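Undergrad: Take a look at coords39.txt, compact mmCIF, C-alpha atoms:
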# COMPACT_ATOMS: atom_id res chain seq x y z
CA MET A 1 17.87 0.77 -5.35
CA LEU A 2 14.60 -1.12 -5.23
CA ILE A 3 11.34 0.11 -3.72
CA PHE A 4 8.62 -2.43 -3.01
CA SER A 5 5.24 -0.75 -3.32
CA SER A 6 1.56 -1.63 -3.52
CA LEU A 7 1.26 0.58 -6.62
CA LEU A 8 0.36 -0.86 -9.99
CA PRO A 9 3.04 -2.70 -12.01
CA SER A 10 2.67 -0.04 -14.72
CA PHE A 11 3.66 2.68 -12.27
CA SER A 12 6.73 4.19 -13.92
CA PRO A 13 9.60 5.32 -11.68
CA SER A 14 11.14 7.17 -14.61
CA LEU A 15 8.57 9.91 -14.01
CA PHE A 16 9.97 10.54 -10.57
CA TYR A 17 13.64 9.64 -10.36
CA ARG A 18 16.68 10.39 -12.45
CA LYS A 19 18.67 7.84 -10.45
CA GLN A 20 18.58 4.06 -10.64
CA ILE A 21 15.48 3.35 -8.60
CA GLU A 22 13.08 0.54 -9.48
CA ILE A 23 9.56 0.37 -8.09
CA LYS A 24 7.82 -3.00 -7.99
CA LYS A 25 5.58 -5.24 -5.95
CA PRO A 26 7.39 -7.62 -3.58
CA ASP A 27 8.15 -11.10 -4.93
CA GLY A 28 8.27 -12.92 -1.59
CA ALA A 29 7.13 -12.43 1.97
CA LEU A 30 7.16 -8.74 2.80
CA THR A 31 7.83 -9.57 6.45
CA GLU A 32 11.34 -10.58 5.42
CA ILE A 33 12.04 -6.86 4.95
CA ASN A 34 9.46 -5.18 7.18
CA PRO A 35 8.35 -7.25 10.20
CA GLN A 36 5.01 -5.38 10.09
CA GLY A 37 4.38 -6.70 6.57
CA LYS A 38 3.62 -3.26 5.15
CA VAL A 39 4.80 -1.20 2.18
CA PRO A 40 6.70 0.81 1.19
CA VAL A 41 10.10 -0.68 1.85
CA LEU A 42 13.39 0.14 0.17
CA ILE A 43 16.51 -1.92 -0.59
CA ASP A 44 19.61 0.14 -1.30
CA HIS A 45 21.84 -2.06 -3.46
CA SER A 46 24.74 0.39 -3.17
CA LEU A 47 24.83 -0.12 0.60
CA ASN A 48 25.14 -3.91 0.66
CA GLU A 49 21.39 -4.52 0.15
CA PHE A 50 20.53 -2.22 3.04
CA GLN A 51 16.82 -2.68 3.87
CA ILE A 52 14.69 0.25 5.02
CA PHE A 53 11.01 0.59 5.88
CA GLU A 54 8.63 3.34 7.08
CA SER A 55 7.89 6.15 4.62
CA ASP A 56 9.51 8.94 6.63
CA THR A 57 12.71 6.95 7.09
CA ILE A 58 12.85 6.11 3.37
CA LEU A 59 12.34 9.77 2.49
CA ARG A 60 15.13 10.88 4.82
CA HIS A 61 17.43 8.21 3.44
CA LEU A 62 16.85 9.41 -0.14
CA VAL A 63 17.31 13.06 0.86
CA GLY A 64 20.63 12.19 2.49
CA LYS A 65 21.76 9.91 -0.32
CA TYR A 66 21.18 12.49 -3.05
CA GLU A 67 22.30 15.50 -1.05
CA GLY A 68 23.73 18.01 -3.49
CA THR A 69 21.62 16.77 -6.40
CA GLY A 70 18.71 19.09 -7.10
CA PRO A 71 16.69 20.60 -4.23
CA SER A 72 17.84 19.28 -0.85
CA TYR A 73 14.37 19.36 0.78
CA LEU A 74 16.24 20.60 3.87
CA PRO A 75 15.57 24.33 4.37
CA SER A 76 18.55 26.49 5.25
CA SER A 77 17.15 27.84 8.53
CA LEU A 78 16.78 25.82 11.72
CA ALA A 79 13.24 27.14 12.24
CA ALA A 80 12.11 25.98 8.80
CA ARG A 81 13.76 22.57 9.21
CA THR A 82 12.08 22.12 12.58
CA LYS A 83 8.73 23.18 11.16
CA SER A 84 9.18 20.61 8.40
CA ASP A 85 9.93 17.88 10.94
CA LEU A 86 6.88 18.91 12.96
CA ILE A 87 4.56 18.80 9.94
CA CYS A 88 5.92 15.40 8.89
CA ARG A 89 5.46 14.01 12.39
CA PHE A 90 1.99 15.49 12.75
CA HIS A 91 0.98 14.08 9.37
CA ASP A 92 2.21 10.58 10.20
CA MET A 93 0.68 10.53 13.68
CA TYR A 94 -2.72 12.13 13.13
CA ILE A 95 -3.56 12.03 9.41
CA THR A 96 -1.97 8.93 7.89
CA THR A 97 -3.41 6.82 10.71
CA ILE A 98 -7.00 7.65 9.73
CA GLN A 99 -6.89 8.63 6.04
CA GLY A 100 -7.87 5.07 5.13
CA CYS A 101 -11.43 6.20 5.82
CA MET A 102 -11.35 7.67 2.31
CA TYR A 103 -10.46 4.44 0.51
CA LYS A 104 -10.54 1.36 2.75
CA ALA A 105 -13.57 -0.85 2.24
CA SER A 106 -14.36 -1.26 5.94
CA PRO A 107 -13.25 -0.12 9.41
CA PRO A 108 -11.34 0.20 11.60
CA PHE A 109 -9.97 3.54 10.45
CA GLY A 110 -7.36 4.13 13.12
CA VAL A 111 -9.29 4.32 16.38
CA PHE A 112 -12.63 4.86 14.60
CA ASP A 113 -15.11 2.09 13.88
CA ASN A 114 -17.16 4.09 11.36
CA ARG A 115 -16.33 6.16 8.30
CA GLU A 116 -18.26 9.29 9.20
CA ASP A 117 -16.48 9.90 12.51
CA ALA A 118 -13.12 9.23 10.89
CA LEU A 119 -13.84 11.72 8.09
CA ILE A 120 -14.81 14.37 10.63
CA GLU A 121 -11.57 13.74 12.51
CA LEU A 122 -9.58 13.88 9.26
CA LYS A 123 -11.04 17.27 8.51
CA LYS A 124 -10.26 18.45 12.05
CA GLN A 125 -6.63 17.34 11.82
CA MET A 126 -6.18 18.99 8.43
CA LYS A 127 -7.43 22.23 9.95
CA LEU A 128 -4.86 21.91 12.74
CA LEU A 129 -2.14 21.26 10.18
CA GLU A 130 -3.29 24.37 8.30
CA GLY A 131 -2.29 26.33 11.38
CA MET A 132 1.32 25.16 11.04
CA VAL A 133 1.77 26.36 7.46
CA ASP A 134 4.01 29.34 6.77
CA GLY A 135 1.71 32.20 5.86
CA GLU A 136 3.98 33.66 3.18
CA GLY A 137 4.92 30.41 1.44
CA PRO A 138 4.98 29.43 -1.30
CA PHE A 139 5.97 26.14 0.35
CA LEU A 140 4.72 24.72 3.63
CA CYS A 141 7.73 25.99 5.57
CA GLY A 142 8.44 29.16 3.66
CA LYS A 143 10.49 29.99 0.58
CA GLU A 144 12.27 26.62 0.31
CA LYS A 145 10.93 23.16 -0.44
CA SER A 146 11.11 20.73 2.46
CA MET A 147 10.33 17.13 3.30
CA ALA A 148 6.98 18.41 4.58
CA ASP A 149 5.96 19.30 1.01
CA ALA A 150 6.86 15.83 -0.25
CA THR A 151 5.18 14.13 2.71
CA LEU A 152 1.86 15.93 2.51
CA PHE A 153 1.65 15.91 -1.28
CA CYS A 154 0.56 12.28 -1.69
CA THR A 155 -2.14 12.70 0.96
CA GLY A 156 -3.21 15.78 -0.98
CA VAL A 157 -3.73 13.64 -4.08
CA PHE A 158 -6.03 11.34 -2.09
CA LEU A 159 -8.00 14.34 -0.82
CA GLU A 160 -8.25 15.97 -4.25
CA GLN A 161 -9.27 12.80 -6.09
CA ILE A 162 -11.48 10.98 -3.60
CA LEU A 163 -13.38 13.58 -1.58
CA PRO A 164 -15.28 15.29 -4.42
CA ASN A 165 -15.89 12.07 -6.34
CA HIS A 166 -17.05 9.95 -3.45
CA PHE A 167 -18.06 12.06 -0.46
CA GLY A 168 -19.32 15.31 -1.92
CA TRP A 169 -16.58 17.51 -0.44
CA THR A 170 -14.18 19.65 -2.41
CA TYR A 171 -10.55 19.40 -1.40
CA GLN A 172 -10.59 23.15 -0.67
CA GLU A 173 -13.09 22.52 2.15
CA VAL A 174 -10.63 20.21 3.87
CA PHE A 175 -7.39 21.97 2.96
CA GLY A 176 -8.30 25.46 4.09
CA PRO A 177 -7.03 28.64 2.39
CA LEU A 178 -3.28 28.31 3.10
CA LEU A 179 -3.05 24.64 2.13
CA THR A 180 -5.18 25.29 -0.96
CA LYS A 181 -2.81 28.08 -2.02
CA TRP A 182 0.17 25.76 -1.41
CA TRP A 183 -1.43 22.90 -3.35
CA GLU A 184 -2.42 24.95 -6.36
CA ASN A 185 1.02 26.58 -6.50
CA LEU A 186 2.76 23.17 -6.51
CA LEU A 187 0.59 21.90 -9.35
CA ALA A 188 1.05 25.11 -11.34
CA THR A 189 4.79 25.67 -10.93
CA GLU A 190 6.59 22.49 -9.81
CA SER A 191 7.03 20.01 -12.66
CA ALA A 192 8.11 17.11 -10.44
CA PHE A 193 4.99 17.41 -8.31
CA GLN A 194 2.87 17.79 -11.44
CA LYS A 195 4.17 14.49 -12.84
CA VAL A 196 3.66 12.66 -9.55
CA GLY A 197 0.13 14.01 -9.24
CA GLU A 198 -0.76 13.04 -12.81
CA CYS A 199 0.49 9.50 -12.30
CA LEU A 200 -1.15 9.00 -8.91
CA ALA A 201 -4.44 10.31 -10.26
CA LEU A 202 -4.54 7.30 -12.61
CA LEU A 203 -4.36 4.77 -9.80
CA PRO A 204 -7.55 2.96 -8.66
CA PHE A 205 -7.74 4.53 -5.21
CA LEU A 206 -11.15 3.07 -4.38
CA PRO A 207 -11.58 -0.71 -4.18
CA PRO A 208 -14.67 -2.06 -5.99
CA SER A 209 -16.19 -3.22 -2.71
CA LEU A 210 -16.24 0.25 -1.16
CA PRO A 211 -19.86 1.32 -0.61
CA PRO A 212 -20.83 4.67 -2.15
CA PRO A 213 -22.38 6.63 0.73
CA CYS A 214 -22.12 10.41 0.56
CA PRO A 215 -22.07 11.62 4.19
CA THR A 216 -24.12 14.76 3.65
CA SER A 217 -24.57 15.14 7.41
CA LEU A 218 -20.90 16.05 7.79
CA PRO A 219 -20.11 19.71 8.39
CA ARG A 220 -19.15 21.43 5.13
CA ALA A 221 -17.91 24.83 6.22
CA TYR A 222 -14.18 25.03 6.87
Translate the structure described by the file into structure tokens.
TA:
Amino acid sequence: MLIFSSLLPSFSPSLFYRKQIEIKKPDGALTEINPQGKVPVLIDHSLNEFQIFESDTILRHLVGKYEGTGPSYLPSSLAARTKSDLICRFHDMYITTIQGCMYKASPPFGVFDNREDALIELKKQMKLLEGMVDGEGPFLCGKEKSMADATLFCTGVFLEQILPNHFGWTYQEVFGPLLTKWWENLLATESAFQKVGECLALLPFLPPSLPPPCPTSLPRAY
């Protein structure tokens, strides 16, 4: 399989996948695969060059394709599976749409035309997501890993790396206590997440043209 990504050419898929998956930048027009012209997209060579786009759809395709190999990311109970779907949907609708306020050089950031309002909204939505987390854990939906853990993890790397270095917030202020406990447990006990986090932390999240304001007027208490 081939994943087209905006990540650096040196980004090594061997850190993440034991299967034959290659990650690279697209060679031609991205709109030939995704009419929106956005990454990531995936081409599954084993399915007659089947082309897939949208992160959640790619994730579900990979979970289904490698069912029975390692953790399924599909909890055994209906309630946990539904909670996972809810967290994934919430993340894609209300967090992904505005998280560019952390790293895009200029607005718009979703519906917001300034960075400060978008950051306030990002913090609000993370607090709402905190309310969906299973209180006992150790994963977002309880005792089993789910697609929600994989979905939120990459956003967590953005929050951990960018907020303290550029905006004067700690990630704990935005995560809240349950998400902080979840995050620190993943990094301490889950080797796959550790490797992904280490690799993503090396990427140049912030473009050189991004101005360096620290919005000290933003509320700091969780």
Undergrad: To one decimal in Å, tell me the separation between CA of Glu190 (chain A) and CA of Phe53 (chain A).
TA: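 CA of Phe53 (chain A) lies at a distance of 27.3 Å from CA of Glu190 (chain A).
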Undergrad: Pick out the residues sitting within 12 Å of Ser76 (chain A), and hand them over as a short mmCIF file (atom, residue, chain, number, x, y, z; two decimals) with C-alpha atoms, in the coordinates of the input; count only C-alpha atoms, and ignore anything fewer than 2 positions along from it in its own chain.
TA:
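Okay, around-v2.cif is ready:
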data_model
loop_
_atom_site.label_atom_id
_atom_site.label_comp_id
_atom_site.auth_asym_id
_atom_site.auth_seq_id
_atom_site.Cartn_x
_atom_site.Cartn_y
_atom_site.Cartn_z
CA PRO A 71 16.69 20.60 -4.23
CA SER A 72 17.84 19.28 -0.85
CA TYR A 73 14.37 19.36 0.78
CA LEU A 74 16.24 20.60 3.87
CA LEU A 78 16.78 25.82 11.72
CA ALA A 79 13.24 27.14 12.24
CA ALA A 80 12.11 25.98 8.80
CA ARG A 81 13.76 22.57 9.21
CA THR A 82 12.08 22.12 12.58
CA LYS A 83 8.73 23.18 11.16
CA SER A 84 9.18 20.61 8.40
CA CYS A 141 7.73 25.99 5.57
CA GLY A 142 8.44 29.16 3.66
CA LYS A 143 10.49 29.99 0.58
CA GLU A 144 12.27 26.62 0.31
CA LYS A 145 10.93 23.16 -0.44
CA SER A 146 11.11 20.73 2.46
#
Undergrad: Give the answer as one residue: which of A:Glu32, A:Asp113, A:Glu130, A:Glu136 has the shortest atom-to-atom distance to Glu173 (chain A), using all atoms listed in the file?
TA: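 Checking each of A:Glu32, A:Asp113, A:Glu130, A:Glu136 against Glu173 (chain A), counting all atoms listed in the file, the winner is A:Glu130.
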Undergrad: Counting all atoms listed in the file, what is within 7 Å of region 95-97 of chain A, bar same-chain residues fewer than 6 positions away, as a list in words?
TA: Gly110, Leu122 and Gln125 of chain A
Undergrad: Of the candidates A:Leu163, A:Leu140, A:Cys154, A:Ala148, which one gets nearest to Lys181 (chain A) if we count all atoms listed in the file?
TA: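 Using all atoms listed in the file, Lys181 (chain A) sits closest to A:Leu140.
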Undergrad: I'd like the interatomic distance between CA of Gly176 (chain A) and CA of Gly100 (chain A), to a tenth of an Å.
TA: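 Computed distance, CA of Gly176 (chain A) to CA of Gly100 (chain A), equals 20.4 Å.
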Undergrad: For the point (-0.5, 15.0, 9.5) in the file's frame, write as an MDAnalysis selection string all residues with an atom no more than 12 Å away, counting only C-alpha atoms.
TA: chainID A and resid 84:99 121:133 148:149 151:156 175
Undergrad: So, counting only C-alpha atoms, which residue among A:Ala150, A:Leu159, A:Asn165, A:Pro138 is closest to Ala188 (chain A)?
TA: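 Nearest to Ala188 (chain A): A:Pro138.
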Undergrad: As an exercise, work out the distance from CA of Pro177 (chain A) to CA of Gly137 (chain A) in Å and give it to one decimal place.
TA: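 We find that CA of Pro177 (chain A) and CA of Gly137 (chain A) lie 12.1 Å from each other.
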Undergrad: From the options A:Asn34, A:Leu119, A:Leu202, A:Trp182, which residue's atoms come nearest to Ser55 (chain A), counting all atoms listed in the file?
TA: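 Among the listed residues, A:Asn34 lies closest to Ser55 (chain A).
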